[in-house]
>>> print(open('final-v4.cif').read())   # mmCIF, C-alpha atoms and all ligand atoms
data_query
loop_
_atom_site.label_atom_id
_atom_site.label_comp_id
_atom_site.auth_asym_id
_atom_site.auth_seq_id
_atom_site.Cartn_x
_atom_site.Cartn_y
_atom_site.Cartn_z
CA MET A 4 111.06 236.64 -73.75
CA MET A 5 108.74 239.26 -75.10
CA THR A 6 106.97 238.73 -78.39
CA LYS A 7 107.24 241.27 -81.18
CA SER A 8 103.77 242.60 -80.39
CA GLU A 9 104.62 242.99 -76.71
CA LEU A 10 107.78 244.90 -77.55
CA GLU A 11 105.86 247.14 -79.91
CA PHE A 12 103.30 247.74 -77.17
CA GLN A 13 106.00 248.70 -74.64
CA LYS A 14 107.26 251.25 -77.13
CA ARG A 15 103.79 252.71 -77.54
CA LEU A 16 103.29 252.81 -73.78
CA GLU A 17 106.57 254.61 -73.13
CA LYS A 18 105.26 257.67 -74.93
CA PHE A 19 102.90 258.30 -72.02
CA ILE A 20 105.16 257.43 -69.11
CA PRO A 21 106.50 260.49 -67.28
CA PRO A 22 110.22 260.61 -66.33
CA LYS A 23 110.90 258.37 -63.35
CA GLU A 24 112.20 261.15 -61.11
CA THR A 25 108.77 262.81 -61.24
CA TRP A 26 106.81 259.66 -60.33
CA THR A 27 104.23 259.83 -57.59
CA PRO A 28 103.05 256.61 -55.87
CA ILE A 29 100.28 256.56 -58.51
CA ASP A 30 102.76 256.41 -61.40
CA LYS A 31 104.72 253.79 -59.52
CA ALA A 32 101.67 251.54 -59.30
CA LEU A 33 100.82 252.07 -62.94
CA PHE A 34 104.20 251.79 -64.54
CA THR A 35 106.28 249.41 -62.40
CA PRO A 36 104.60 246.10 -63.31
CA LYS A 37 105.24 244.69 -66.75
CA ILE A 38 102.11 242.52 -66.84
CA TYR A 39 99.12 243.44 -64.62
CA PHE A 40 97.36 240.11 -64.54
CA GLU A 41 100.55 238.16 -63.77
CA ASP A 42 101.91 240.51 -61.17
CA TYR A 43 98.62 241.20 -59.48
CA GLN A 44 99.52 241.21 -55.79
CA ASN A 45 102.61 243.37 -56.24
CA THR A 46 100.66 245.89 -58.27
CA ALA A 47 97.80 245.81 -55.76
CA ASP A 48 100.30 246.59 -52.98
CA LEU A 49 101.60 249.55 -54.96
CA THR A 50 97.99 250.60 -55.56
CA PHE A 51 97.45 250.80 -51.79
CA ASN A 52 100.22 253.39 -51.55
CA ALA A 53 98.72 255.17 -54.52
CA ILE A 54 95.32 255.33 -52.81
CA LYS A 55 96.78 256.73 -49.61
CA TYR A 56 98.58 259.37 -51.66
CA SER A 57 95.53 260.13 -53.78
CA PHE A 58 93.18 260.43 -50.80
CA LYS A 59 95.52 262.88 -49.10
CA HIS A 60 95.83 264.88 -52.33
CA HIS A 61 92.08 265.29 -52.77
CA TYR A 62 91.51 265.88 -49.07
CA GLU A 63 94.03 268.71 -49.05
CA ASN A 64 93.23 270.24 -52.43
CA ASN A 65 89.51 269.80 -52.93
CA GLU A 66 87.37 271.86 -50.55
CA LEU A 67 84.20 270.09 -51.54
CA TYR A 68 85.64 266.65 -50.90
CA LYS A 69 87.27 267.79 -47.68
CA ARG A 70 83.88 268.92 -46.40
CA LEU A 71 82.47 265.46 -47.11
CA CYS A 72 85.39 263.92 -45.21
CA GLU A 73 84.83 266.26 -42.27
CA ILE A 74 81.17 265.28 -42.09
CA LYS A 75 82.25 261.64 -41.98
CA ASN A 76 85.08 262.51 -39.58
CA ILE A 77 87.80 260.97 -41.76
CA THR A 78 91.26 262.47 -42.13
CA PRO A 79 94.24 261.11 -44.12
CA ASP A 80 95.99 259.91 -40.95
CA LYS A 81 93.07 257.54 -40.33
CA ILE A 82 93.83 255.65 -43.55
CA LYS A 83 96.73 253.41 -42.55
CA SER A 84 96.06 249.86 -43.67
CA LYS A 85 94.03 248.08 -46.35
CA GLU A 86 91.20 247.64 -43.85
CA ASP A 87 90.89 251.42 -43.55
CA PHE A 88 90.06 251.89 -47.21
CA ASN A 89 86.42 251.17 -46.44
CA LYS A 90 86.42 254.44 -44.49
CA ILE A 91 87.27 256.57 -47.54
CA PRO A 92 84.16 258.68 -48.23
CA LEU A 93 82.65 257.87 -51.62
CA LEU A 94 80.86 260.25 -53.96
CA PRO A 95 77.71 259.17 -55.80
CA ASP A 96 78.18 259.32 -59.58
CA SER A 97 75.17 261.67 -59.76
CA PHE A 98 77.54 264.23 -58.28
CA PHE A 99 79.05 264.73 -61.74
CA LYS A 100 75.76 265.83 -63.25
CA ASP A 101 74.62 267.93 -60.35
CA TYR A 102 75.63 271.16 -62.03
CA PRO A 103 73.57 274.35 -62.17
CA GLU A 104 72.76 275.74 -65.61
CA GLY A 105 74.00 279.14 -66.68
CA LYS A 106 76.28 281.27 -64.59
CA GLY A 107 76.85 278.72 -61.84
CA PHE A 108 78.23 276.04 -64.14
CA LEU A 109 81.82 277.28 -64.22
CA ASN A 110 81.78 277.66 -60.48
CA TRP A 111 80.53 274.12 -60.10
CA LEU A 112 83.30 272.81 -62.34
CA ASP A 113 85.83 274.86 -60.40
CA ASN A 114 84.64 273.30 -57.13
CA LEU A 115 84.75 269.82 -58.58
CA PHE A 116 88.31 270.29 -59.80
CA THR A 117 91.00 269.32 -57.31
CA GLY A 118 93.71 271.96 -56.97
CA SER A 119 93.68 275.22 -58.86
CA THR A 120 91.55 275.03 -61.96
CA PRO A 121 93.32 276.20 -65.14
CA MET A 122 90.34 278.44 -65.87
CA PRO A 123 90.29 279.64 -69.49
CA GLN A 124 89.20 283.12 -70.57
CA PHE A 125 85.75 282.99 -72.11
CA ARG A 126 84.32 285.40 -74.63
CA THR A 127 80.99 285.51 -72.85
CA GLU A 128 80.04 285.52 -69.21
CA ILE A 129 77.94 282.40 -69.58
CA PRO A 130 79.71 280.13 -72.06
CA ASP A 131 77.77 277.07 -73.20
CA HIS A 132 78.94 273.57 -72.41
CA ASP A 133 80.68 273.09 -75.76
CA ASP A 134 82.62 276.36 -75.35
CA VAL A 135 83.68 275.22 -71.90
CA ILE A 136 84.82 271.83 -73.23
CA GLU A 137 86.68 273.38 -76.13
CA GLU A 138 88.45 276.08 -74.14
CA PHE A 139 89.48 273.61 -71.43
CA ASN A 140 90.80 271.31 -74.16
CA LYS A 141 93.14 274.12 -75.18
CA LYS A 142 94.33 274.32 -71.58
CA GLY A 143 95.12 270.61 -71.54
CA VAL A 144 92.03 269.60 -69.59
CA ARG A 145 89.86 267.03 -71.26
CA ILE A 146 86.25 267.17 -70.10
CA MET A 147 84.62 263.90 -71.05
CA PHE A 148 80.86 263.87 -71.14
CA THR A 149 78.04 261.42 -71.39
CA SER A 150 74.35 261.67 -70.85
CA GLY A 151 71.71 259.61 -69.12
CA THR A 152 68.16 258.95 -70.20
CA SER A 153 67.00 262.16 -68.50
CA GLY A 154 69.17 264.14 -70.90
CA ARG A 155 71.38 265.49 -68.16
CA PHE A 156 75.07 265.29 -68.85
CA SER A 157 77.87 264.08 -66.66
CA PHE A 158 81.06 266.11 -66.94
CA ILE A 159 84.39 264.67 -65.81
CA PRO A 160 87.49 266.88 -66.07
CA ARG A 161 90.91 265.29 -66.55
CA ASP A 162 94.25 267.02 -66.74
CA THR A 163 96.68 265.65 -69.34
CA GLY A 164 98.52 263.49 -66.81
CA SER A 165 95.32 261.84 -65.56
CA TRP A 166 94.08 261.23 -69.10
CA ASP A 167 97.43 259.71 -70.12
CA ARG A 168 97.34 257.41 -67.08
CA LEU A 169 93.83 256.31 -67.99
CA ARG A 170 94.98 255.57 -71.53
CA CYS A 171 97.95 253.47 -70.36
CA ASN A 172 95.76 251.64 -67.89
CA ALA A 173 93.13 250.83 -70.51
CA MET A 174 95.74 249.92 -73.14
CA ARG A 175 97.20 247.34 -70.77
CA SER A 176 93.82 245.67 -70.23
CA ILE A 177 93.30 245.48 -73.99
CA VAL A 178 96.75 244.04 -74.67
CA GLU A 179 96.62 241.54 -71.82
CA LEU A 180 93.06 240.32 -72.30
CA MET A 181 92.76 240.37 -76.07
CA ASP A 182 94.95 239.03 -78.86
CA TYR A 183 96.95 242.16 -79.62
CA ASN A 184 98.78 242.80 -82.85
CA PRO A 185 99.72 246.41 -83.66
CA ASN A 186 99.26 245.72 -87.37
CA ASP A 187 95.62 244.68 -87.09
CA THR A 188 92.91 246.53 -88.94
CA VAL A 189 90.37 248.31 -86.71
CA ILE A 190 86.77 249.21 -87.42
CA LEU A 191 85.26 251.66 -84.94
CA LEU A 192 81.47 251.79 -84.88
CA ILE A 193 81.36 255.26 -83.38
CA PRO A 194 81.55 258.89 -84.50
CA ASP A 195 85.09 260.09 -85.13
CA PRO A 196 86.79 260.11 -81.69
CA ARG A 197 89.08 262.93 -82.76
CA LEU A 198 86.09 265.26 -83.05
CA THR A 199 84.30 264.69 -79.76
CA ASN A 200 84.77 264.30 -76.01
CA LEU A 201 81.81 261.95 -75.77
CA THR A 202 83.03 259.24 -73.42
CA ILE A 203 82.38 256.22 -75.63
CA ALA A 204 84.23 257.81 -78.54
CA SER A 205 87.11 258.95 -76.32
CA LEU A 206 87.56 255.46 -74.88
CA PHE A 207 87.31 253.55 -78.16
CA GLY A 208 89.57 256.25 -79.58
CA ILE A 209 92.38 254.69 -77.55
CA ALA A 210 92.66 252.45 -80.65
CA TYR A 211 94.73 255.28 -82.14
CA ASP A 212 97.34 254.71 -79.42
CA LEU A 213 97.50 250.96 -80.07
CA TYR A 214 97.18 250.60 -83.84
CA GLU A 215 98.37 252.35 -86.98
CA PRO A 216 96.02 255.26 -87.80
CA GLU A 217 95.94 254.27 -91.48
CA ASN A 218 94.52 250.87 -90.47
CA ILE A 219 91.66 252.40 -88.47
CA HIS A 220 88.27 252.91 -90.11
CA VAL A 221 85.60 255.03 -88.42
CA ALA A 222 81.95 254.28 -89.23
CA LEU A 223 80.73 257.85 -88.92
CA GLU A 224 83.33 260.21 -90.26
CA ASP A 225 82.97 263.97 -90.13
CA MET A 226 80.37 263.70 -87.41
CA LYS A 227 81.07 266.10 -84.59
CA ILE A 228 79.03 265.11 -81.55
CA THR A 229 78.76 268.06 -79.18
CA THR A 230 76.52 268.53 -76.16
CA GLN A 231 74.46 270.96 -78.25
CA PHE A 232 74.04 268.29 -80.91
CA LEU A 233 72.83 265.81 -78.30
CA ARG A 234 70.50 268.35 -76.73
CA MET A 235 69.00 269.13 -80.09
CA GLN A 236 68.28 265.47 -80.67
CA ARG A 237 66.11 265.65 -77.60
CA ASN A 238 64.27 268.68 -78.84
CA GLU A 239 65.72 270.72 -76.05
CA ALA A 240 66.99 273.40 -78.37
CA ILE A 241 66.87 276.80 -76.76
CA GLY A 242 66.39 279.96 -78.74
CA ILE A 243 65.39 280.45 -82.33
CA LYS A 244 68.95 280.10 -83.67
CA GLU A 245 69.40 276.66 -82.17
CA LYS A 246 65.94 275.66 -83.29
CA ILE A 247 66.75 276.45 -86.91
CA LYS A 248 70.03 274.58 -86.60
CA ALA A 249 68.30 271.62 -84.95
CA LYS A 250 65.93 271.37 -87.83
CA ALA A 251 68.75 271.41 -90.34
CA MET A 252 70.75 268.77 -88.53
CA SER A 253 67.97 266.50 -87.28
CA LYS A 254 68.94 262.98 -86.32
CA ILE A 255 71.58 260.89 -87.97
CA SER A 256 69.22 259.97 -90.75
CA PRO A 257 68.45 256.41 -91.83
CA ILE A 258 70.07 257.22 -95.18
CA VAL A 259 73.35 258.20 -93.54
CA GLN A 260 73.18 255.13 -91.31
CA LYS A 261 72.44 252.84 -94.20
CA LYS A 262 75.28 254.30 -96.23
CA SER A 263 77.69 253.92 -93.34
CA ASP A 264 76.53 250.33 -92.65
CA ARG A 265 76.92 249.41 -96.33
CA ARG A 266 80.42 250.84 -96.35
CA ILE A 267 81.34 248.77 -93.28
CA ILE A 268 79.82 245.59 -94.75
CA ASN A 269 81.75 246.07 -98.00
CA LEU A 270 84.89 246.72 -95.98
CA LEU A 271 84.37 243.50 -94.03
CA GLU A 272 84.01 241.57 -97.27
CA ASP A 273 87.13 243.18 -98.78
CA LEU A 274 89.21 242.53 -95.68
CA GLU A 275 87.98 238.94 -95.60
CA LYS A 276 89.30 238.47 -99.16
CA GLU A 277 92.62 240.04 -98.20
CA GLY A 278 92.85 237.70 -95.21
CA LYS A 279 93.23 240.60 -92.76
CA ARG A 280 92.70 240.39 -89.01
CA ILE A 281 90.11 242.92 -87.90
CA ASN A 282 89.14 244.31 -84.51
CA ILE A 283 85.56 245.51 -84.62
CA ALA A 284 84.73 247.82 -81.72
CA GLY A 285 81.60 249.75 -80.79
CA PRO A 286 78.30 249.63 -78.91
CA PRO A 287 76.45 246.32 -79.37
CA PHE A 288 73.30 247.88 -80.87
CA TRP A 289 75.37 249.25 -83.73
CA LEU A 290 77.04 245.96 -84.56
CA ASN A 291 73.65 244.31 -84.22
CA ARG A 292 72.15 246.66 -86.80
CA ILE A 293 74.94 245.84 -89.23
CA MET A 294 74.54 242.11 -88.68
CA GLU A 295 70.76 242.36 -89.12
CA ARG A 296 71.32 244.09 -92.43
CA MET A 297 73.73 241.36 -93.49
CA ILE A 298 71.23 238.65 -92.53
CA LYS A 299 68.50 240.42 -94.51
CA GLU A 300 70.72 240.65 -97.56
CA GLY A 301 71.97 237.10 -97.18
CA ARG A 302 75.57 238.17 -96.67
CA LYS A 303 78.05 236.51 -94.35
CA VAL A 304 81.78 236.74 -93.78
CA LYS A 305 84.22 234.36 -92.16
CA LEU A 306 86.81 236.12 -90.01
CA PRO A 307 88.18 233.42 -87.69
CA ASP A 308 91.25 235.47 -86.64
CA SER A 309 89.35 238.69 -86.02
CA GLN A 310 87.98 239.99 -82.74
CA VAL A 311 84.97 241.92 -81.49
CA LEU A 312 84.97 244.39 -78.61
CA THR A 313 81.59 245.75 -77.59
CA GLY A 314 81.11 248.42 -74.98
CA GLY A 315 78.95 251.28 -73.82
CA GLY A 316 76.18 249.10 -72.51
CA TRP A 317 73.02 248.11 -74.24
CA LYS A 318 70.31 250.44 -75.37
CA ALA A 319 68.12 252.15 -72.84
CA GLU A 320 65.23 249.85 -73.76
CA GLU A 321 66.17 246.82 -71.75
CA ASP A 322 63.48 244.72 -73.46
CA LYS A 323 65.35 244.88 -76.75
CA ARG A 324 68.53 243.74 -75.13
CA ALA A 325 69.94 240.45 -76.31
CA PRO A 326 71.70 238.49 -73.61
CA GLU A 327 75.39 238.45 -74.37
CA GLU A 328 75.42 234.74 -75.09
CA ILE A 329 72.83 235.02 -77.88
CA PHE A 330 74.66 238.00 -79.26
CA ARG A 331 77.94 236.08 -79.32
CA GLU A 332 76.30 233.27 -81.27
CA LYS A 333 75.06 235.77 -83.80
CA VAL A 334 78.55 237.24 -84.16
CA GLU A 335 79.93 233.75 -84.73
CA ASP A 336 77.24 232.95 -87.28
CA VAL A 337 77.28 236.16 -89.31
CA LEU A 338 80.90 237.29 -89.01
CA GLY A 339 82.55 233.93 -88.42
CA ILE A 340 84.34 235.25 -85.34
CA PRO A 341 84.69 232.52 -82.67
CA GLN A 342 83.01 233.21 -79.33
CA ASP A 343 86.29 233.20 -77.42
CA ARG A 344 87.36 236.15 -79.59
CA TYR A 345 84.35 238.20 -78.49
CA HIS A 346 84.99 240.66 -75.68
CA ASP A 347 82.81 243.16 -73.88
CA VAL A 348 83.99 246.08 -71.81
CA TYR A 349 82.31 247.80 -68.88
CA ALA A 350 83.61 251.32 -68.57
CA MET A 351 82.36 254.69 -67.40
CA SER A 352 83.42 258.30 -67.65
CA GLU A 353 84.19 258.59 -63.93
CA CYS A 354 86.58 255.65 -63.82
CA SER A 355 90.20 255.37 -64.99
CA SER A 356 90.02 251.60 -65.36
CA VAL A 357 88.11 249.62 -67.93
CA PHE A 358 86.74 246.19 -67.11
CA LEU A 359 87.33 244.05 -70.14
CA SER A 360 86.23 240.46 -70.51
CA CYS A 361 88.63 237.62 -71.20
CA GLU A 362 88.05 234.77 -73.64
CA GLY A 363 85.78 233.26 -70.96
CA HIS A 364 83.63 236.46 -70.89
CA TYR A 365 84.28 237.48 -67.28
CA LYS A 366 85.32 241.09 -66.84
CA HIS A 367 88.74 241.38 -65.28
CA ILE A 368 89.51 244.10 -62.76
CA PRO A 369 92.99 245.56 -63.17
CA PRO A 370 95.06 245.77 -59.97
CA THR A 371 95.17 249.57 -60.17
CA ILE A 372 91.73 250.02 -58.63
CA ILE A 373 89.80 248.66 -55.64
CA PRO A 374 86.34 247.38 -56.60
CA LEU A 375 83.55 247.32 -54.02
CA VAL A 376 80.07 245.85 -54.06
CA LEU A 377 77.67 247.56 -51.66
CA ASP A 378 74.32 246.61 -50.15
CA GLU A 379 71.39 248.99 -49.75
CA GLU A 380 72.98 250.59 -46.70
CA LEU A 381 76.10 251.13 -48.82
CA ASP A 382 78.13 248.67 -46.77
CA PRO A 383 80.54 246.38 -48.64
CA ILE A 384 79.22 242.83 -49.12
CA GLY A 385 82.24 241.17 -50.72
CA TYR A 386 82.22 238.41 -53.28
CA ASN A 387 79.49 236.40 -54.98
CA LYS A 388 76.52 238.63 -54.14
CA PHE A 389 74.79 241.11 -56.39
CA GLY A 390 74.95 244.69 -55.23
CA ARG A 391 75.84 248.23 -56.17
CA PHE A 392 79.21 248.75 -57.79
CA ALA A 393 81.59 251.27 -56.26
CA PHE A 394 85.31 251.80 -56.63
CA ILE A 395 88.36 253.50 -55.22
CA ASP A 396 90.32 254.81 -58.18
CA PRO A 397 93.57 256.58 -57.24
CA ILE A 398 94.46 257.62 -60.79
CA PRO A 399 92.83 261.03 -61.38
CA ASN A 400 94.57 264.12 -60.07
CA SER A 401 91.78 266.46 -61.11
CA TYR A 402 88.81 264.98 -59.22
CA PRO A 403 88.36 262.44 -56.43
CA GLY A 404 87.95 258.99 -57.99
CA PHE A 405 86.16 257.46 -55.00
CA ILE A 406 82.76 256.74 -56.47
CA ILE A 407 79.48 254.87 -56.03
CA THR A 408 77.74 253.92 -59.28
CA GLY A 409 74.14 252.97 -60.04
CA ASP A 410 75.18 249.67 -61.62
CA LYS A 411 74.32 246.22 -60.33
CA VAL A 412 77.22 243.76 -60.42
CA LYS A 413 78.53 240.59 -58.84
CA LEU A 414 82.19 240.35 -57.93
CA MET A 415 84.02 237.02 -57.96
CA GLU A 416 87.38 236.38 -56.33
CA ARG A 417 88.80 234.62 -59.37
CA CYS A 418 87.89 234.08 -62.98
CA PRO A 419 86.13 230.72 -63.33
CA VAL A 420 87.56 230.28 -66.84
CA CYS A 421 91.08 231.66 -67.30
CA GLY A 422 94.18 231.63 -65.14
CA ARG A 423 94.71 235.37 -64.86
CA GLU A 424 95.08 236.75 -61.35
CA GLY A 425 92.65 239.05 -59.58
CA PRO A 426 88.88 239.37 -59.20
CA VAL A 427 86.32 239.54 -62.01
CA LEU A 428 82.84 240.90 -62.55
CA ASP A 429 80.15 238.45 -63.55
CA ILE A 430 79.13 238.70 -67.21
CA GLU A 431 76.00 240.84 -66.99
CA VAL A 432 76.17 244.37 -65.62
CA THR A 433 72.77 246.07 -65.31
CA ARG A 434 71.33 249.28 -63.91
CA LEU A 435 69.84 249.11 -60.42
CA PRO A 436 66.06 249.49 -60.35
CA GLY A 437 64.98 253.08 -59.89
CA VAL A 438 68.29 254.42 -61.12
CA GLU A 439 68.26 256.48 -64.28
CA GLY A 440 69.31 254.54 -67.35
CA ARG A 441 72.55 255.66 -68.82
CA GLY A 442 75.39 254.57 -70.96
CA CYS A 443 76.93 255.94 -74.02
CA ALA A 444 75.26 253.29 -76.14
CA ALA A 445 71.92 254.76 -75.08
CA VAL A 446 73.09 258.20 -76.12
CA MET A 447 74.24 256.87 -79.47
CA ALA A 448 71.06 254.88 -79.99
CA ASP A 449 69.06 258.04 -79.37
CA LEU A 450 70.88 259.64 -82.25
CA MET A 451 69.84 256.99 -84.66
CA GLU A 452 66.39 256.95 -86.08
CA GLN A 453 65.05 253.46 -86.15
CA GLY A 454 63.79 251.68 -89.22
CA GLU A 455 64.54 252.02 -92.89
ZN ZN B 1 89.15 235.27 -67.28
#
>>> encode(input="final-v4.cif", output="structure tokens", more="lines below")
Ligand SMILES: [Zn+2]
Amino acid sequence: MMTKSELEFQKRLEKFIPPKETWTPIDKALFTPKIYFEDYQNTADLTFNAIKYSFKHHYENNELYKRLCEIKNITPDKIKSKEDFNKIPLLPDSFFKDYPEGKGFLNWLDNLFTGSTPMPQFRTEIPDHDDVIEEFNKKGVRIMFTSGTSGRFSFIPRDTGSWDRLRCNAMRSIVELMDYNPNDTVILLIPDPRLTNLTIASLFGIAYDLYEPENIHVALEDMKITTQFLRMQRNEAIGIKEKIKAKAMSKISPIVQKKSDRRIINLLEDLEKEGKRINIAGPPFWLNRIMERMIKEGRKVKLPDSQVLTGGGWKAEEDKRAPEEIFREKVEDVLGIPQDRYHDVYAMSECSSVFLSCEGHYKHIPPTIIPLVLDEELDPIGYNKFGRFAFIDPIPNSYPGFIITGDKVKLMERCPVCGREGPVLDIEVTRLPGVEGRGCAAVMADLMEQGE
């Protein structure tokens, strides 16, 4: 028997499911199982077919990827069994920020795109990144972006179908790993996701697919975060026009931050009085700033039925990072949210799955992706050893989702705490030494001036 919330969720999911007669093996893997973490092996088997299909698709329709396969001497007919998946050539995630500036950018994007790119008409010969994002949006291609500490962006193009699949996939992890109720109130500690393609906002924006829009509160309303905006924060403004604009906009000022934080704190207190369940979601540094303000002002709330979902990684300055356990205690103390109702998510622009932690704080890997941990020679090392995270993601149509990251993780065969099926990632995910810091939280933190 399904609960009311589960039924409501199925209804919400159906909106994104294409008609069955058009299903590819990828859709079959995504939409056949009712519950991922209870039907793990079956879904994983379907995922194997999806990967075979996806590999062939990118091999045949992406010249760039095909060349990589030719160098490695791998063709689709060599991928027959599960054991062969280790042969699938992987792209480093740096690939997605390896673009030339200026005239070559569109060409780069065109090469990255699998199949024929729905290239928009641009007003100028060299459109800037925001023009490109906006015009592609109109063509149904969502280009998500994020930026590393060097200030270089990563651009990941998704056609509508691939973006919808990602959404369904992520929604399922949220519903199955958290305590889902469609009538919950949501507080998003991010800029308005409807105004930006910044990855962290896009992903947390999935809240709009799961909850009632009138119950969702956004911490920074009317804040449009574009690539130009981010570049200007870094004083990389080019040309006098941008420079004037940069000066006018400057950073998200402490006054704006303070006002936004106050509004959220008041909201928390009001919702506490009304006895509402709240889901608070955003990067940890943001929630930390709010809690610090509450501590300073001697304010506390008690929200035992509410939940926290942090994501986007910690700030670039690793020294300021609070280990998750200490952070959870603070959440329990200041917000009165029990530790088993605290969740963290590891997600990235290049990946169609999100890795969300259960009540025991291990990050569960949905069965719609194959996770790999690699040693320094980029060979898989299996479970229980720290190494470089890589994955085989069959979901995107518009780019090959076979990717090596710069993140250090440990994979475990089962969750040591809960009974859900499938492997998990150990609690802490960090950047490998020598790899550029990144993460949307770092981008967001950059936007915020510190101090009062
Ligand atoms: Zn678990």
>>> residues_around(input="final-v4.cif", residues="A:Cys418", least_positions_apart="5", cutoff="7 Å", atoms="all atoms listed in the file", output="ChimeraX atom specification")
/A:365,426-427
>>> residues_around(input="final-v4.cif", residues="A:Ser8", least_positions_apart="3", cutoff="7 Å", atoms="all atoms listed in the file", output="ChimeraX atom specification")
/A:11-12,183-185
>>> residues_near_ligand(input="final-v4.cif", ligand="ligand ZN 1 (chain B)", cutoff="8 Å", atoms="all atoms listed in the file", output="list in words")
Ser360, Cys361, Glu362, Gly363, His364, Tyr365, Lys366, His367, Arg417, Cys418, Pro419, Val420, Cys421, Gly422, Arg423 and Val427 of chain A
>>> closest_atom_pairs(input="final-v4.cif", of="stretch 324-393 of chain A", to="stretch 154-167 of chain A", cutoff="10 Å", atoms="all atoms listed in the file", output="Markdown table")
| residue | atom | partner | partner_atom | distance |
| --- | --- | --- | --- | --- |
| A:Ser352 | CA | A:Ile159 | CA | 6.7 |
| A:Glu353 | CA | A:Ile159 | CA | 6.4 |
| A:Cys354 | CA | A:Ile159 | CA | 9.5 |
| A:Ser355 | CA | A:Trp166 | CA | 8.1 |
>>> residues_around(input="final-v4.cif", residues="stretch 340-350 of chain A", least_positions_apart="5", cutoff="10 Å", atoms="all atoms listed in the file", output="JSON, numbers by chain")
{"A": [173, 176, 177, 180, 181, 182, 202, 203, 206, 281, 282, 283, 284, 285, 286, 287, 304, 305, 306, 307, 308, 309, 310, 311, 312, 313, 314, 315, 316, 327, 328, 330, 331, 332, 333, 334, 335, 355, 356, 357, 358, 359, 360, 361, 362, 363, 364, 365, 366, 367, 428, 430, 431, 432, 442, 443]}
>>> closest_residue(input="final-v4.cif", among="A:His220, A:Arg15, A:Gly390, A:Thr199", to="A:Pro436", atoms="all atoms listed in the file")
A:Gly390
>>> residues_near_point(input="final-v4.cif", point="(86.0, 259.7, -81.8)", cutoff="12 Å", atoms="only C-alpha atoms", output="PDB file with C-alpha atoms, in the frame of the given file")
ATOM      1  CA  MET A 147      84.620 263.900 -71.050  1.00  0.00           C
ATOM      2  CA  ILE A 190      86.770 249.210 -87.420  1.00  0.00           C
ATOM      3  CA  LEU A 191      85.260 251.660 -84.940  1.00  0.00           C
ATOM      4  CA  LEU A 192      81.470 251.790 -84.880  1.00  0.00           C
ATOM      5  CA  ILE A 193      81.360 255.260 -83.380  1.00  0.00           C
ATOM      6  CA  PRO A 194      81.550 258.890 -84.500  1.00  0.00           C
ATOM      7  CA  ASP A 195      85.090 260.090 -85.130  1.00  0.00           C
ATOM      8  CA  PRO A 196      86.790 260.110 -81.690  1.00  0.00           C
ATOM      9  CA  ARG A 197      89.080 262.930 -82.760  1.00  0.00           C
ATOM     10  CA  LEU A 198      86.090 265.260 -83.050  1.00  0.00           C
ATOM     11  CA  THR A 199      84.300 264.690 -79.760  1.00  0.00           C
ATOM     12  CA  ASN A 200      84.770 264.300 -76.010  1.00  0.00           C
ATOM     13  CA  LEU A 201      81.810 261.950 -75.770  1.00  0.00           C
ATOM     14  CA  THR A 202      83.030 259.240 -73.420  1.00  0.00           C
ATOM     15  CA  ILE A 203      82.380 256.220 -75.630  1.00  0.00           C
ATOM     16  CA  ALA A 204      84.230 257.810 -78.540  1.00  0.00           C
ATOM     17  CA  SER A 205      87.110 258.950 -76.320  1.00  0.00           C
ATOM     18  CA  LEU A 206      87.560 255.460 -74.880  1.00  0.00           C
ATOM     19  CA  PHE A 207      87.310 253.550 -78.160  1.00  0.00           C
ATOM     20  CA  GLY A 208      89.570 256.250 -79.580  1.00  0.00           C
ATOM     21  CA  ILE A 209      92.380 254.690 -77.550  1.00  0.00           C
ATOM     22  CA  ALA A 210      92.660 252.450 -80.650  1.00  0.00           C
ATOM     23  CA  TYR A 211      94.730 255.280 -82.140  1.00  0.00           C
ATOM     24  CA  ILE A 219      91.660 252.400 -88.470  1.00  0.00           C
ATOM     25  CA  HIS A 220      88.270 252.910 -90.110  1.00  0.00           C
ATOM     26  CA  VAL A 221      85.600 255.030 -88.420  1.00  0.00           C
ATOM     27  CA  ALA A 222      81.950 254.280 -89.230  1.00  0.00           C
ATOM     28  CA  LEU A 223      80.730 257.850 -88.920  1.00  0.00           C
ATOM     29  CA  GLU A 224      83.330 260.210 -90.260  1.00  0.00           C
ATOM     30  CA  ASP A 225      82.970 263.970 -90.130  1.00  0.00           C
ATOM     31  CA  MET A 226      80.370 263.700 -87.410  1.00  0.00           C
ATOM     32  CA  LYS A 227      81.070 266.100 -84.590  1.00  0.00           C
ATOM     33  CA  ILE A 228      79.030 265.110 -81.550  1.00  0.00           C
ATOM     34  CA  THR A 229      78.760 268.060 -79.180  1.00  0.00           C
ATOM     35  CA  ALA A 284      84.730 247.820 -81.720  1.00  0.00           C
ATOM     36  CA  GLY A 285      81.600 249.750 -80.790  1.00  0.00           C
TER      37      GLY A 285
END
>>> closest_residue(input="final-v4.cif", among="A:Leu414, A:Ile373, A:Leu33, A:Leu213", to="A:Asn387", atoms="only C-alpha atoms")
A:Leu414
>>> atom_distance(input="final-v4.cif", atom1="atom CA of A:Phe51", atom2="atom CA of A:Pro121")
29.0 Å
>>> residues_near_point(input="final-v4.cif", point="(103.1, 245.8, -60.6)", cutoff="6 Å", atoms="only C-alpha atoms", output="mmCIF file with C-alpha atoms, in the frame of the given file")
data_model
loop_
_atom_site.group_PDB
_atom_site.id
_atom_site.type_symbol
_atom_site.label_atom_id
_atom_site.label_comp_id
_atom_site.auth_asym_id
_atom_site.auth_seq_id
_atom_site.Cartn_x
_atom_site.Cartn_y
_atom_site.Cartn_z
ATOM 1 C CA THR A 35 106.280 249.410 -62.400
ATOM 2 C CA PRO A 36 104.600 246.100 -63.310
ATOM 3 C CA ASP A 42 101.910 240.510 -61.170
ATOM 4 C CA ASN A 45 102.610 243.370 -56.240
ATOM 5 C CA THR A 46 100.660 245.890 -58.270
#
